[in-house]
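Data block for target17.cif (mmCIF, C-alpha atoms and all ligand atoms):
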data_run
loop_
_atom_site.label_atom_id
_atom_site.label_comp_id
_atom_site.auth_asym_id
_atom_site.auth_seq_id
_atom_site.Cartn_x
_atom_site.Cartn_y
_atom_site.Cartn_z
CA MET B 1 -12.86 -18.57 17.31
CA GLN B 2 -13.78 -15.09 18.41
CA HIS B 3 -14.89 -12.97 15.47
CA THR B 4 -16.15 -9.44 15.92
CA ILE B 5 -17.27 -7.67 12.79
CA GLY B 6 -16.52 -3.97 12.86
CA ASN B 7 -18.19 -1.84 10.23
CA LEU B 8 -19.50 -4.69 8.16
CA CYS B 9 -22.98 -4.75 9.65
CA GLY B 10 -23.33 -0.99 9.66
CA LYS B 11 -25.48 -0.73 6.56
CA GLY B 12 -27.89 -3.59 6.84
CA TYR B 13 -25.95 -6.73 5.97
CA ALA B 14 -26.71 -9.03 8.84
CA GLU B 15 -24.62 -12.12 9.39
CA GLY B 16 -25.72 -15.04 7.25
CA MET B 17 -27.32 -12.86 4.58
CA SER B 18 -26.17 -13.85 1.10
CA VAL B 19 -25.23 -11.62 -1.79
CA SER B 20 -28.27 -10.59 -3.79
CA ALA B 21 -28.86 -12.14 -7.22
CA GLY B 22 -27.08 -10.42 -10.08
CA THR B 23 -24.19 -9.04 -8.11
CA ILE B 24 -20.80 -10.34 -7.06
CA ARG B 25 -19.57 -9.41 -3.61
CA ILE B 26 -15.87 -8.59 -3.77
CA LEU B 27 -13.78 -8.28 -0.62
CA ALA B 28 -10.55 -6.27 -1.01
CA LEU B 29 -8.11 -6.61 1.90
CA GLY B 30 -5.29 -4.26 2.88
CA ASP B 31 -1.60 -5.14 3.23
CA CYS B 32 -1.03 -8.43 5.09
CA VAL B 33 1.67 -7.86 7.73
CA GLY B 34 3.58 -10.90 9.01
CA LYS B 35 2.25 -13.91 10.85
CA PRO B 36 -0.63 -12.16 12.64
CA GLY B 37 -1.82 -10.93 9.25
CA ARG B 38 -1.55 -14.36 7.65
CA PHE B 39 -3.41 -16.04 10.51
CA ALA B 40 -6.11 -13.39 10.38
CA LEU B 41 -6.56 -14.08 6.66
CA ARG B 42 -6.58 -17.82 7.27
CA ASP B 43 -9.44 -17.56 9.76
CA GLY B 44 -11.21 -14.43 8.55
CA ILE B 45 -11.64 -15.18 4.85
CA PRO B 46 -13.66 -18.41 5.28
CA TYR B 47 -15.72 -16.70 7.97
CA LEU B 48 -16.57 -13.72 5.77
CA ARG B 49 -17.32 -15.95 2.79
CA GLU B 50 -19.80 -17.85 4.93
CA HIS B 51 -21.31 -15.10 7.06
CA ALA B 52 -21.06 -12.01 4.87
CA GLY B 53 -21.69 -13.57 1.44
CA VAL B 54 -18.24 -12.75 0.06
CA ASP B 55 -17.76 -14.28 -3.41
CA PHE B 56 -14.32 -13.09 -4.50
CA VAL B 57 -11.27 -11.98 -2.49
CA VAL B 58 -8.37 -9.74 -3.51
CA ALA B 59 -5.65 -9.17 -0.88
CA ASN B 60 -2.42 -7.20 -0.86
CA VAL B 61 0.41 -9.42 0.42
CA GLU B 62 3.44 -7.14 0.13
CA ASN B 63 4.32 -7.42 3.86
CA ALA B 64 3.33 -11.06 4.44
CA ALA B 65 6.83 -12.45 5.15
CA HIS B 66 7.77 -10.80 8.44
CA GLY B 67 6.81 -7.42 7.04
CA PHE B 68 9.09 -7.56 4.03
CA GLY B 69 7.76 -9.02 0.79
CA VAL B 70 6.47 -12.55 0.36
CA ASN B 71 8.22 -15.82 -0.51
CA PRO B 72 6.87 -18.66 -2.72
CA LYS B 73 5.91 -20.88 0.21
CA LEU B 74 3.84 -18.19 1.91
CA ALA B 75 2.34 -17.00 -1.38
CA GLN B 76 0.98 -20.49 -2.03
CA GLN B 77 -0.24 -20.73 1.57
CA LEU B 78 -2.13 -17.44 1.20
CA LEU B 79 -3.81 -18.62 -1.99
CA ASP B 80 -4.86 -21.76 -0.15
CA TYR B 81 -6.53 -19.59 2.52
CA GLY B 82 -9.07 -18.53 -0.11
CA ILE B 83 -7.59 -15.45 -1.75
CA ASP B 84 -8.50 -15.32 -5.43
CA VAL B 85 -5.89 -12.78 -6.52
CA MET B 86 -2.98 -11.29 -4.56
CA THR B 87 -1.62 -7.82 -5.22
CA SER B 88 1.59 -6.25 -3.88
CA GLY B 89 3.66 -3.07 -3.85
CA ASP B 90 7.11 -1.69 -3.13
CA HIS B 91 7.97 -4.50 -0.69
CA ILE B 92 7.60 -7.17 -3.38
CA ARG B 93 11.22 -6.32 -4.19
CA ASP B 94 12.43 -7.34 -0.70
CA ARG B 95 12.61 -11.06 -1.50
CA ARG B 96 13.54 -11.72 -5.08
CA GLU B 97 13.03 -15.46 -4.61
CA ILE B 98 9.42 -14.56 -5.31
CA ASP B 99 10.31 -13.93 -8.99
CA SER B 100 9.83 -17.60 -9.91
CA PHE B 101 6.36 -17.60 -8.35
CA LEU B 102 5.48 -14.38 -10.15
CA ILE B 103 6.47 -15.95 -13.46
CA ALA B 104 4.56 -19.17 -12.83
CA ASN B 105 1.38 -17.88 -11.20
CA GLU B 106 -0.83 -15.13 -12.64
CA ARG B 107 -2.69 -14.81 -9.34
CA LEU B 108 0.15 -12.87 -7.73
CA LEU B 109 0.60 -9.41 -9.20
CA LYS B 110 3.55 -7.05 -8.98
CA PRO B 111 2.97 -3.35 -9.75
CA ILE B 112 2.52 -3.07 -13.51
CA ASN B 113 4.99 -0.17 -13.55
CA TYR B 114 7.83 -2.26 -12.02
CA ILE B 115 9.14 -3.09 -15.46
CA ASP B 116 12.40 -4.47 -14.05
CA MET B 117 10.56 -7.34 -12.36
CA PRO B 118 9.08 -10.43 -14.02
CA GLY B 119 5.47 -11.42 -13.64
CA PRO B 120 2.14 -9.81 -14.40
CA GLY B 121 0.80 -6.45 -13.22
CA VAL B 122 -2.63 -7.32 -14.59
CA CYS B 123 -4.58 -10.56 -14.73
CA VAL B 124 -8.02 -11.60 -15.89
CA VAL B 125 -9.54 -14.62 -14.14
CA ASP B 126 -12.86 -16.44 -14.02
CA GLY B 127 -14.97 -15.30 -11.09
CA PRO B 128 -18.17 -16.81 -9.69
CA GLY B 129 -20.50 -17.92 -12.45
CA GLY B 130 -17.71 -17.60 -15.00
CA VAL B 131 -17.80 -13.79 -14.93
CA ARG B 132 -14.47 -12.49 -16.17
CA ILE B 133 -12.75 -10.31 -13.57
CA GLY B 134 -9.70 -8.17 -14.34
CA ILE B 135 -7.39 -6.98 -11.58
CA ALA B 136 -4.56 -4.44 -11.91
CA ASN B 137 -1.83 -3.40 -9.49
CA ILE B 138 -0.29 0.06 -9.96
CA ILE B 139 2.30 1.82 -7.82
CA GLY B 140 2.27 5.56 -7.20
CA ARG B 141 5.27 7.85 -7.52
CA THR B 142 4.61 10.68 -5.08
CA PHE B 143 6.70 10.22 -1.89
CA MET B 144 7.74 6.77 -3.11
CA ASP B 145 11.37 5.65 -3.43
CA ASP B 146 11.54 5.65 -7.19
CA ASP B 147 9.67 7.15 -10.10
CA CYS B 148 7.95 4.47 -12.14
CA GLY B 149 6.11 6.81 -14.45
CA SER B 150 2.65 8.31 -14.28
CA PRO B 151 0.27 5.92 -12.53
CA LEU B 152 -2.54 7.41 -14.61
CA VAL B 153 -0.82 6.44 -17.86
CA TRP B 154 -0.13 2.96 -16.49
CA ALA B 155 -3.76 2.68 -15.43
CA ASP B 156 -4.83 3.34 -19.02
CA LYS B 157 -2.51 0.57 -20.19
CA ALA B 158 -3.85 -1.80 -17.55
CA PHE B 159 -7.39 -1.00 -18.58
CA GLU B 160 -6.61 -1.95 -22.19
CA MET B 161 -4.94 -5.18 -21.07
CA MET B 162 -8.11 -6.26 -19.28
CA GLY B 163 -9.90 -6.42 -22.64
CA ASP B 164 -13.55 -7.35 -22.32
CA ALA B 165 -13.45 -8.39 -18.66
CA ARG B 166 -16.87 -7.56 -17.22
CA ILE B 167 -15.55 -6.48 -13.83
CA LYS B 168 -12.41 -4.35 -13.58
CA LEU B 169 -10.61 -3.82 -10.26
CA PHE B 170 -7.60 -1.64 -9.41
CA ASP B 171 -5.19 -1.68 -6.42
CA LEU B 172 -3.49 1.72 -6.30
CA HIS B 173 -0.43 1.25 -4.10
CA GLY B 174 0.68 4.70 -3.07
CA GLU B 175 1.72 7.01 -0.25
CA ALA B 176 -0.02 10.22 -1.31
CA THR B 177 -3.76 10.48 -0.82
CA SER B 178 -3.97 13.11 -3.57
CA GLU B 179 -2.42 10.76 -6.10
CA LYS B 180 -4.80 7.94 -5.24
CA VAL B 181 -7.85 10.22 -5.25
CA ALA B 182 -6.89 11.62 -8.66
CA LEU B 183 -6.28 8.17 -10.07
CA GLY B 184 -9.64 7.11 -8.72
CA TRP B 185 -11.35 9.90 -10.61
CA HIS B 186 -9.35 9.02 -13.72
CA LEU B 187 -10.81 5.49 -13.62
CA ASP B 188 -14.41 6.34 -12.73
CA GLY B 189 -16.82 5.36 -15.49
CA ARG B 190 -14.47 2.63 -16.74
CA ALA B 191 -13.62 0.53 -13.67
CA SER B 192 -15.87 -1.37 -11.25
CA ALA B 193 -13.84 -0.57 -8.14
CA ALA B 194 -10.53 1.02 -7.18
CA TRP B 195 -8.89 1.11 -3.78
CA GLY B 196 -5.66 2.33 -2.27
CA THR B 197 -3.09 0.33 -0.29
CA HIS B 198 0.34 0.98 1.28
CA THR B 199 -0.37 3.48 4.08
CA HIS B 200 -1.83 0.76 6.37
CA VAL B 201 -4.36 3.27 7.73
CA GLN B 202 -7.96 2.83 6.61
CA THR B 203 -9.65 5.94 5.26
CA ALA B 204 -13.33 6.72 5.75
CA ASP B 205 -14.08 8.03 2.26
CA GLU B 206 -15.68 4.94 0.75
CA THR B 207 -18.10 5.93 -1.96
CA ILE B 208 -19.68 5.06 -5.26
CA ARG B 209 -18.56 7.71 -7.70
CA PRO B 210 -20.87 9.23 -10.33
CA GLY B 211 -19.61 6.91 -13.06
CA GLY B 212 -20.48 3.84 -10.98
CA MET B 213 -17.07 2.96 -9.54
CA GLY B 214 -16.63 1.91 -5.92
CA TYR B 215 -13.71 3.68 -4.29
CA VAL B 216 -11.77 4.05 -1.04
CA THR B 217 -8.41 5.84 -0.65
CA ASP B 218 -6.84 3.18 1.60
CA LEU B 219 -8.02 -0.21 2.84
CA GLY B 220 -5.82 -0.29 5.96
CA PHE B 221 -3.87 -3.46 6.81
CA CYS B 222 -4.33 -7.03 8.00
CA GLY B 223 -2.28 -7.82 11.08
CA GLY B 224 -1.72 -6.79 14.68
CA HIS B 225 -3.36 -3.42 15.30
CA LEU B 226 -1.87 -2.94 18.78
CA SER B 227 1.07 -1.48 16.92
CA VAL B 228 2.38 1.19 14.57
CA LEU B 229 1.18 -0.04 11.16
CA GLY B 230 1.76 -3.66 12.21
CA ARG B 231 5.20 -3.17 13.88
CA ILE B 232 5.93 -3.30 17.61
CA LYS B 233 5.04 0.18 18.78
CA GLU B 234 7.76 0.48 21.44
CA ASN B 235 10.45 -0.22 18.84
CA VAL B 236 9.02 2.31 16.41
CA ILE B 237 8.86 4.92 19.18
CA ALA B 238 12.46 4.14 20.18
CA ARG B 239 13.59 4.64 16.61
CA GLN B 240 11.73 7.90 16.37
CA LEU B 241 13.45 8.98 19.58
CA GLY B 242 16.79 8.39 17.88
CA SER B 243 17.71 4.75 18.60
CA SER B 244 19.33 3.00 15.66
CA GLU B 245 19.21 -0.39 17.36
CA ALA B 246 15.46 -0.94 17.73
CA ARG B 247 14.29 -3.34 15.04
CA LEU B 248 11.00 -3.13 13.19
CA GLU B 249 9.58 -6.41 14.49
CA ILE B 250 6.03 -7.62 13.87
CA ALA B 251 3.38 -6.87 16.50
CA ASP B 252 1.03 -9.67 17.58
CA GLY B 253 -1.71 -7.84 19.47
CA TRP B 254 -5.20 -7.12 18.16
CA PRO B 255 -5.15 -9.10 14.89
CA GLN B 256 -7.65 -7.56 12.50
CA LEU B 257 -8.61 -7.64 8.84
CA ASP B 258 -9.06 -4.23 7.24
CA GLY B 259 -10.68 -3.92 3.87
CA CYS B 260 -13.70 -2.98 1.85
CA ILE B 261 -16.60 -4.81 0.27
CA PHE B 262 -17.75 -3.87 -3.22
CA ASP B 263 -20.96 -5.35 -4.63
CA VAL B 264 -20.71 -5.23 -8.42
CA ASP B 265 -23.54 -5.77 -10.90
CA VAL B 266 -22.48 -8.62 -13.20
CA VAL B 267 -24.34 -7.16 -16.20
CA THR B 268 -23.24 -3.53 -16.06
CA GLY B 269 -19.94 -3.99 -14.20
CA LYS B 270 -20.93 -1.06 -11.98
CA CYS B 271 -20.59 -0.97 -8.21
CA VAL B 272 -23.93 -0.87 -6.41
CA HIS B 273 -22.79 -1.02 -2.79
CA VAL B 274 -19.58 -0.21 -0.94
CA GLU B 275 -18.81 -0.88 2.70
CA ARG B 276 -15.65 -0.77 4.80
CA VAL B 277 -14.63 -3.83 6.81
CA GLN B 278 -12.77 -3.99 10.10
CA HIS B 279 -12.94 -7.62 11.13
CA LYS B 280 -11.39 -8.29 14.53
CA LEU B 281 -10.04 -11.73 15.48
CA TYR B 282 -8.66 -11.05 18.89
CA ALA B 283 -8.01 -13.63 21.57
CA ASP B 284 -7.62 -16.93 19.73
CA VAL B 285 -5.41 -15.77 16.88
CA GLU B 286 -3.35 -13.68 19.28
CA ASN B 287 -2.56 -16.67 21.48
CA GLU B 288 -1.81 -18.89 18.52
CA VAL B 289 0.53 -16.37 16.93
CA THR B 290 2.51 -16.19 20.14
CA ALA B 291 2.68 -19.97 20.54
CA GLU B 292 3.55 -21.08 17.00
CA GLN B 293 7.22 -21.32 16.11
CA THR B 294 8.22 -20.03 12.71
CA THR B 295 11.51 -19.00 11.22
CA PRO B 296 12.67 -15.40 11.72
CA GLU B 297 11.94 -14.87 8.05
CA GLU B 298 8.23 -15.48 8.51
FE FE Z 301 2.44 -2.26 3.11
FE FE Z 302 3.92 -0.52 0.27
#
Target encoding structure tokens, full file:
Amino acid sequence: MQHTIGNLCGKGYAEGMSVSAGTIRILALGDCVGKPGRFALRDGIPYLREHAGVDFVVANVENAAHGFGVNPKLAQQLLDYGIDVMTSGDHIRDRREIDSFLIANERLLKPINYIDMPGPGVCVVDGPGGVRIGIANIIGRTFMDDDCGSPLVWADKAFEMMGDARIKLFDLHGEATSEKVALGWHLDGRASAAWGTHTHVQTADETIRPGGMGYVTDLGFCGGHLSVLGRIKENVIARQLGSSEARLEIADGWPQLDGCIFDVDVVTGKCVHVERVQHKLYADVENEVTAEQTTPEE
């Protein structure tokens, strides 16, 4: 397997170095897009757990089933790849067969402000060493299809629902950078880390804010990066040139995991280190994605 770590080693974390005592290393991964994204998670998560000391993984899976939502079979498969908690976004509505999985499994979140859908928007689970970790999924309203209320108000509700969880994490699924930045400031001092998803383009503003919260405006996406946001680029270009026939199919080339690492102190719940990840899994996954037969739905 050919793994090339992008930014991960940029700040002194050599391969094989383990997380320092007293902190939990959390890896947050951007939207998983189709089969290339799933295969990249399958191979990349165990690798990063072993070589980068990752202890806990949160991944957004809203585009896992051929770009549109996720179904129960794939949701279970993704958990088996080593994801601790899955978040989602607007595309969770694309396949309502996922409702039964949402009801039965607290480790898949829908946006807390999708009140018409079943399932949790917040969960609290046991992390490494029994540390309680709360995760919330909130959808933005600016430039989104529907208005689900103020994400800041929903964030306050989510924060209350996490109770005494030591570590508190937020996936802010939104289109507008301004909305995500503002929500990030709203949470600083109370949350351990907050990150944006949905745009599929990683931003370079990772930081630890004055209140001790790790933050990045967007994680990027997991999938084929020789593409437009994970879709075949020629088809997207054709559509933008006016064709109504070009379909938004999944692109295979350049499979890559985009995300961010947050090291969180288990006593204070504060973030002590933040680092963007661009983990490339080129040749092997690419060939396998092309060779494996799956249904058009996957
Ligand atoms: Fe997405
Ligand atoms: Fe989205």
Within 10 Å of ligand FE 301 (chain Z), counting only C-alpha atoms and all ligand atoms, which protein or nucleic acid residues do you find, written as an mmCIF file with C-alpha atoms, in the coordinates of the input?
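Heads up, here's the output in result_6.cif:
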data_model
loop_
_atom_site.group_PDB
_atom_site.id
_atom_site.type_symbol
_atom_site.label_atom_id
_atom_site.label_comp_id
_atom_site.auth_asym_id
_atom_site.auth_seq_id
_atom_site.Cartn_x
_atom_site.Cartn_y
_atom_site.Cartn_z
ATOM 1 C CA GLY B 30 -5.290 -4.260 2.880
ATOM 2 C CA ASP B 31 -1.600 -5.140 3.230
ATOM 3 C CA CYS B 32 -1.030 -8.430 5.090
ATOM 4 C CA VAL B 33 1.670 -7.860 7.730
ATOM 5 C CA ASN B 60 -2.420 -7.200 -0.860
ATOM 6 C CA VAL B 61 0.410 -9.420 0.420
ATOM 7 C CA GLU B 62 3.440 -7.140 0.130
ATOM 8 C CA ASN B 63 4.320 -7.420 3.860
ATOM 9 C CA ALA B 64 3.330 -11.060 4.440
ATOM 10 C CA GLY B 67 6.810 -7.420 7.040
ATOM 11 C CA PHE B 68 9.090 -7.560 4.030
ATOM 12 C CA GLY B 69 7.760 -9.020 0.790
ATOM 13 C CA SER B 88 1.590 -6.250 -3.880
ATOM 14 C CA GLY B 89 3.660 -3.070 -3.850
ATOM 15 C CA ASP B 90 7.110 -1.690 -3.130
ATOM 16 C CA HIS B 91 7.970 -4.500 -0.690
ATOM 17 C CA ILE B 92 7.600 -7.170 -3.380
ATOM 18 C CA HIS B 173 -0.430 1.250 -4.100
ATOM 19 C CA GLY B 174 0.680 4.700 -3.070
ATOM 20 C CA GLU B 175 1.720 7.010 -0.250
ATOM 21 C CA THR B 197 -3.090 0.330 -0.290
ATOM 22 C CA HIS B 198 0.340 0.980 1.280
ATOM 23 C CA THR B 199 -0.370 3.480 4.080
ATOM 24 C CA HIS B 200 -1.830 0.760 6.370
ATOM 25 C CA VAL B 201 -4.360 3.270 7.730
ATOM 26 C CA GLY B 220 -5.820 -0.290 5.960
ATOM 27 C CA PHE B 221 -3.870 -3.460 6.810
ATOM 28 C CA CYS B 222 -4.330 -7.030 8.000
ATOM 29 C CA LEU B 229 1.180 -0.040 11.160
ATOM 30 C CA GLY B 230 1.760 -3.660 12.210
#
- Query: Restricting the calculation to all atoms listed in the file, which member of B:Tyr47, B:Phe56, B:Tyr114, B:Phe143 is positioned closest to Val85 (chain B)?
  - Reply: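 Using all atoms listed in the file, Val85 (chain B) sits closest to B:Phe56.
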- Query: Of the residues B:Glu160, B:Ile133, B:Ala191, B:Asn113, which is the one nearest to Asp146 (chain B), using all atoms listed in the file?
  - Reply: B:Asn113
- Which protein, DNA or RNA residues are at most 8 Å from (-16.2, 6.5, 3.3) in the file's coordinates when you count all atoms listed in the file, listed as a count of residues only? 8
- Pick from B:Met117, B:Val131, B:Leu169, B:Ala176: nearest to ligand FE 302 (chain Z), with all atoms listed in the file counted?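 Checking each candidate against ligand FE 302 (chain Z), we get B:Ala176 as the closest.
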- Message: Would you pick out the contacts of Asp84 (chain B) at 9 Å or less, using all atoms listed in the file, so that residues sharing its chain but fewer than 4 positions from it are not included, and give the list as a ChimeraX atom specification?
- Response: /B:56-59,79,107,125,127
- Query: With all atoms listed in the file as the atoms that count, which of B:His66, B:Arg190, B:Lys180, B:Lys35 lies nearest to Lys168 (chain B)?
  - Reply: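 Selected residue with least distance to Lys168 (chain B): B:Arg190.
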Since the input has fewer atoms than a full residue there, write region 252-285 of chain B out with N, CA and C atoms, as a compact mmCIF listing (two decimals), in the coordinates of the input.
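Now in part.txt:
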# COMPACT_ATOMS: atom_id res chain seq x y z
N ASP B 252 2.03 -8.59 17.54
CA ASP B 252 1.03 -9.67 17.58
C ASP B 252 -0.37 -9.20 17.99
N GLY B 253 -0.45 -8.17 18.81
CA GLY B 253 -1.71 -7.84 19.47
C GLY B 253 -2.78 -7.29 18.54
N TRP B 254 -4.03 -7.61 18.88
CA TRP B 254 -5.20 -7.12 18.16
C TRP B 254 -5.19 -7.46 16.67
N PRO B 255 -5.08 -8.74 16.32
CA PRO B 255 -5.15 -9.10 14.89
C PRO B 255 -6.49 -8.70 14.29
N GLN B 256 -6.44 -8.12 13.13
CA GLN B 256 -7.65 -7.56 12.50
C GLN B 256 -7.49 -7.52 10.99
N LEU B 257 -8.58 -7.81 10.29
CA LEU B 257 -8.61 -7.64 8.84
C LEU B 257 -9.22 -6.28 8.52
N ASP B 258 -8.51 -5.49 7.75
CA ASP B 258 -9.06 -4.23 7.24
C ASP B 258 -9.32 -4.37 5.75
N GLY B 259 -10.41 -3.85 5.30
CA GLY B 259 -10.68 -3.92 3.87
C GLY B 259 -11.97 -3.23 3.49
N CYS B 260 -12.48 -3.61 2.34
CA CYS B 260 -13.70 -2.98 1.85
C CYS B 260 -14.45 -3.98 0.98
N ILE B 261 -15.74 -3.98 1.10
CA ILE B 261 -16.60 -4.81 0.27
C ILE B 261 -17.17 -3.95 -0.86
N PHE B 262 -17.13 -4.52 -2.06
CA PHE B 262 -17.75 -3.87 -3.22
C PHE B 262 -18.72 -4.86 -3.86
N ASP B 263 -19.99 -4.53 -3.90
CA ASP B 263 -20.96 -5.35 -4.63
C ASP B 263 -21.05 -4.80 -6.05
N VAL B 264 -20.77 -5.67 -7.02
CA VAL B 264 -20.71 -5.23 -8.42
C VAL B 264 -21.76 -5.97 -9.23
N ASP B 265 -22.51 -5.21 -10.01
CA ASP B 265 -23.54 -5.77 -10.90
C ASP B 265 -22.84 -6.53 -12.03
N VAL B 266 -23.21 -7.81 -12.22
CA VAL B 266 -22.48 -8.62 -13.20
C VAL B 266 -22.86 -8.26 -14.64
N VAL B 267 -23.96 -7.55 -14.84
CA VAL B 267 -24.34 -7.16 -16.20
C VAL B 267 -23.68 -5.85 -16.60
N THR B 268 -23.77 -4.86 -15.71
CA THR B 268 -23.24 -3.53 -16.06
C THR B 268 -21.78 -3.36 -15.65
N GLY B 269 -21.30 -4.17 -14.72
CA GLY B 269 -19.94 -3.99 -14.20
C GLY B 269 -19.82 -2.81 -13.25
N LYS B 270 -20.95 -2.22 -12.88
CA LYS B 270 -20.93 -1.06 -11.98
C LYS B 270 -21.05 -1.51 -10.52
N CYS B 271 -20.49 -0.70 -9.64
CA CYS B 271 -20.59 -0.97 -8.21
C CYS B 271 -21.93 -0.45 -7.70
N VAL B 272 -22.62 -1.28 -6.92
CA VAL B 272 -23.93 -0.87 -6.41
C VAL B 272 -23.93 -0.71 -4.89
N HIS B 273 -22.86 -1.15 -4.24
CA HIS B 273 -22.79 -1.02 -2.79
C HIS B 273 -21.33 -1.08 -2.37
N VAL B 274 -20.96 -0.20 -1.44
CA VAL B 274 -19.58 -0.21 -0.94
C VAL B 274 -19.63 -0.10 0.58
N GLU B 275 -18.73 -0.83 1.24
CA GLU B 275 -18.81 -0.88 2.70
C GLU B 275 -17.44 -1.25 3.27
N ARG B 276 -16.94 -0.44 4.18
CA ARG B 276 -15.65 -0.77 4.80
C ARG B 276 -15.78 -1.93 5.77
N VAL B 277 -14.68 -2.67 5.91
CA VAL B 277 -14.63 -3.83 6.81
C VAL B 277 -13.49 -3.65 7.80
N GLN B 278 -13.80 -3.86 9.06
CA GLN B 278 -12.77 -3.99 10.10
C GLN B 278 -13.15 -5.23 10.90
N HIS B 279 -12.54 -6.34 10.56
CA HIS B 279 -12.94 -7.62 11.13
C HIS B 279 -11.91 -8.05 12.17
N LYS B 280 -12.33 -8.05 13.42
CA LYS B 280 -11.39 -8.29 14.53
C LYS B 280 -11.39 -9.78 14.89
N LEU B 281 -10.19 -10.34 15.05
CA LEU B 281 -10.04 -11.73 15.48
C LEU B 281 -9.09 -11.73 16.67
N TYR B 282 -9.60 -11.34 17.82
CA TYR B 282 -8.66 -11.05 18.89
C TYR B 282 -8.06 -12.26 19.59
N ALA B 283 -8.70 -12.78 20.61
CA ALA B 283 -8.01 -13.63 21.57
C ALA B 283 -7.37 -14.88 20.96
N ASP B 284 -8.13 -15.64 20.17
CA ASP B 284 -7.62 -16.93 19.73
C ASP B 284 -6.40 -16.79 18.82
N VAL B 285 -6.52 -15.95 17.81
CA VAL B 285 -5.41 -15.77 16.88
C VAL B 285 -4.19 -15.22 17.61
